[in-house]
Amino acid sequence: MMQGWTWVGAGLCLVVVLRCAARQRHPIRALLASALCGLGALAVLALLDPVTGVSLPLNRFTGFVAAVLGVPGVTGLLLLQLLL
């Protein structure tokens, strides 16, 4: 049952991001730039893990959040890790 709620939440995030991107002048460019920045932030965190000690697991969930929500999604994951 929990997996169903995860899919619903992921779908809702995707719809919100697509709707916001559709309002931009160049929606595809906005989506790709956001995804690239989010995945880049996740990669920088992974590369700097030995230096900073801050790490996020690299899995499907973190990749999805980084690609769909961008840098704010990665920041949200870090805050969730801090709180939980």
# chains A, B, ... in the order shown; residues from 1 in each chain; ligands from 1

call {"tool": "closest_atom_pairs", "arguments": {"of": "region 8-64 of chain A", "to": "region 71-83 of chain A", "cutoff": "9 Å", "atoms": "only C-alpha atoms", "output": "tab-separated table"}}
result
residue	atom	partner	partner_atom	distance
A:Ser34	CA	A:Val71	CA	7.5
A:Ala35	CA	A:Val71	CA	8.4
A:Cys37	CA	A:Val71	CA	6.2
A:Gly38	CA	A:Val71	CA	4.4
A:Leu39	CA	A:Val71	CA	8.0
A:Gly40	CA	A:Val71	CA	8.6
A:Ala41	CA	A:Val71	CA	6.4
A:Leu42	CA	A:Val74	CA	6.7
A:Val54	CA	A:Leu78	CA	8.5
A:Ser55	CA	A:Leu78	CA	8.3
A:Leu56	CA	A:Leu78	CA	7.3
A:Thr62	CA	A:Leu77	CA	7.7

call {"tool": "write_last_selection", "arguments": {"atoms": "C-alpha atoms", "output": "PDB file, in the first residue's frame"}}
result
ATOM      1  CA  SER A  34      16.284  22.133 -14.022  1.00  0.00           C
ATOM      2  CA  ALA A  35      16.999  18.425 -14.389  1.00  0.00           C
ATOM      3  CA  CYS A  37      21.153  21.369 -12.334  1.00  0.00           C
ATOM      4  CA  GLY A  38      19.510  18.923  -9.940  1.00  0.00           C
ATOM      5  CA  LEU A  39      21.517  15.952 -11.169  1.00  0.00           C
ATOM      6  CA  GLY A  40      24.654  18.097 -11.109  1.00  0.00           C
ATOM      7  CA  ALA A  41      24.002  19.049  -7.486  1.00  0.00           C
ATOM      8  CA  LEU A  42      23.536  15.377  -6.627  1.00  0.00           C
ATOM      9  CA  VAL A  54      27.426  15.031   3.731  1.00  0.00           C
ATOM     10  CA  SER A  55      26.036  12.263   1.580  1.00  0.00           C
ATOM     11  CA  LEU A  56      22.835  11.190  -0.084  1.00  0.00           C
ATOM     12  CA  THR A  62      17.072  10.514  -5.184  1.00  0.00           C
TER      13      THR A  62
END

call {"tool": "residues_around", "arguments": {"residues": "region 5-10 of chain A", "least_positions_apart": "4", "cutoff": "9 Å", "atoms": "only C-alpha atoms", "output": "list in words"}}
result
Met1, Leu14, Val15, Phe64 and Val65 of chain A

call {"tool": "write_last_selection", "arguments": {"atoms": "all heavy atoms", "output": "mmCIF file, in the first residue's frame"}}
result
data_model
loop_
_atom_site.group_PDB
_atom_site.id
_atom_site.type_symbol
_atom_site.label_atom_id
_atom_site.label_comp_id
_atom_site.auth_asym_id
_atom_site.auth_seq_id
_atom_site.Cartn_x
_atom_site.Cartn_y
_atom_site.Cartn_z
ATOM 1 N N MET A 1 0.817 -1.195 0.000
ATOM 2 C CA MET A 1 0.000 0.000 0.000
ATOM 3 C C MET A 1 0.864 1.263 0.000
ATOM 4 O O MET A 1 0.529 2.236 -0.637
ATOM 5 C CB MET A 1 -0.922 -0.032 1.219
ATOM 6 C CG MET A 1 -1.906 1.085 1.232
ATOM 7 S SD MET A 1 -3.053 0.894 -0.126
ATOM 8 C CE MET A 1 -4.080 2.268 0.130
ATOM 9 N N LEU A 14 5.417 15.417 -10.581
ATOM 10 C CA LEU A 14 5.693 15.519 -12.008
ATOM 11 C C LEU A 14 4.678 16.414 -12.710
ATOM 12 O O LEU A 14 5.048 17.252 -13.544
ATOM 13 C CB LEU A 14 5.692 14.119 -12.630
ATOM 14 C CG LEU A 14 6.219 13.988 -14.038
ATOM 15 C CD1 LEU A 14 7.651 14.471 -14.119
ATOM 16 C CD2 LEU A 14 6.133 12.540 -14.489
ATOM 17 N N VAL A 15 3.416 16.299 -12.350
ATOM 18 C CA VAL A 15 2.376 17.144 -12.954
ATOM 19 C C VAL A 15 2.599 18.610 -12.595
ATOM 20 O O VAL A 15 2.490 19.495 -13.458
ATOM 21 C CB VAL A 15 0.968 16.671 -12.515
ATOM 22 C CG1 VAL A 15 -0.091 17.702 -12.842
ATOM 23 C CG2 VAL A 15 0.639 15.342 -13.146
ATOM 24 N N PHE A 64 15.261 10.563 -9.156
ATOM 25 C CA PHE A 64 13.978 11.109 -9.609
ATOM 26 C C PHE A 64 13.749 12.492 -9.027
ATOM 27 O O PHE A 64 13.366 13.424 -9.742
ATOM 28 C CB PHE A 64 12.834 10.169 -9.213
ATOM 29 C CG PHE A 64 11.472 10.695 -9.574
ATOM 30 C CD1 PHE A 64 10.995 10.567 -10.867
ATOM 31 C CD2 PHE A 64 10.678 11.315 -8.627
ATOM 32 C CE1 PHE A 64 9.740 11.057 -11.215
ATOM 33 C CE2 PHE A 64 9.429 11.796 -8.953
ATOM 34 C CZ PHE A 64 8.957 11.675 -10.245
ATOM 35 N N VAL A 65 13.982 12.630 -7.732
ATOM 36 C CA VAL A 65 13.771 13.922 -7.081
ATOM 37 C C VAL A 65 14.715 14.970 -7.663
ATOM 38 O O VAL A 65 14.313 16.099 -7.937
ATOM 39 C CB VAL A 65 13.952 13.796 -5.552
ATOM 40 C CG1 VAL A 65 13.985 15.159 -4.890
ATOM 41 C CG2 VAL A 65 12.839 12.957 -4.956
#

call {"tool": "select_by_dssp", "arguments": {"residues": "chain A", "states": "alpha helix (DSSP H)", "output": "JSON, numbers by chain"}}
result
{"A": [2, 3, 4, 5, 6, 7, 8, 9, 10, 11, 12, 13, 14, 15, 16, 17, 18, 19, 20, 21, 22, 27, 28, 29, 30, 31, 32, 33, 34, 35, 36, 37, 38, 39, 40, 41, 42, 43, 44, 45, 46, 47, 49, 50, 51, 52, 60, 61, 62, 63, 64, 65, 66, 67, 68, 69, 71, 72, 73, 74, 75, 76, 77, 78, 79, 80, 81, 82, 83]}

call {"tool": "atom_distance", "arguments": {"atom1": "CA of Ala30 (chain A)", "atom2": "CA of Gly70 (chain A)"}}
result
10.7 Å

call {"tool": "atom_distance", "arguments": {"atom1": "CA of Ala66 (chain A)", "atom2": "CA of Ala33 (chain A)"}}
result
11.6 Å

call {"tool": "atom_distance", "arguments": {"atom1": "CA of Cys13 (chain A)", "atom2": "CA of Ala46 (chain A)"}}
result
24.0 Å

call {"tool": "closest_residue", "arguments": {"among": "A:Ala21, A:Leu45, A:Thr52, A:His26", "to": "Val68 (chain A)", "atoms": "only C-alpha atoms"}}
result
A:Ala21
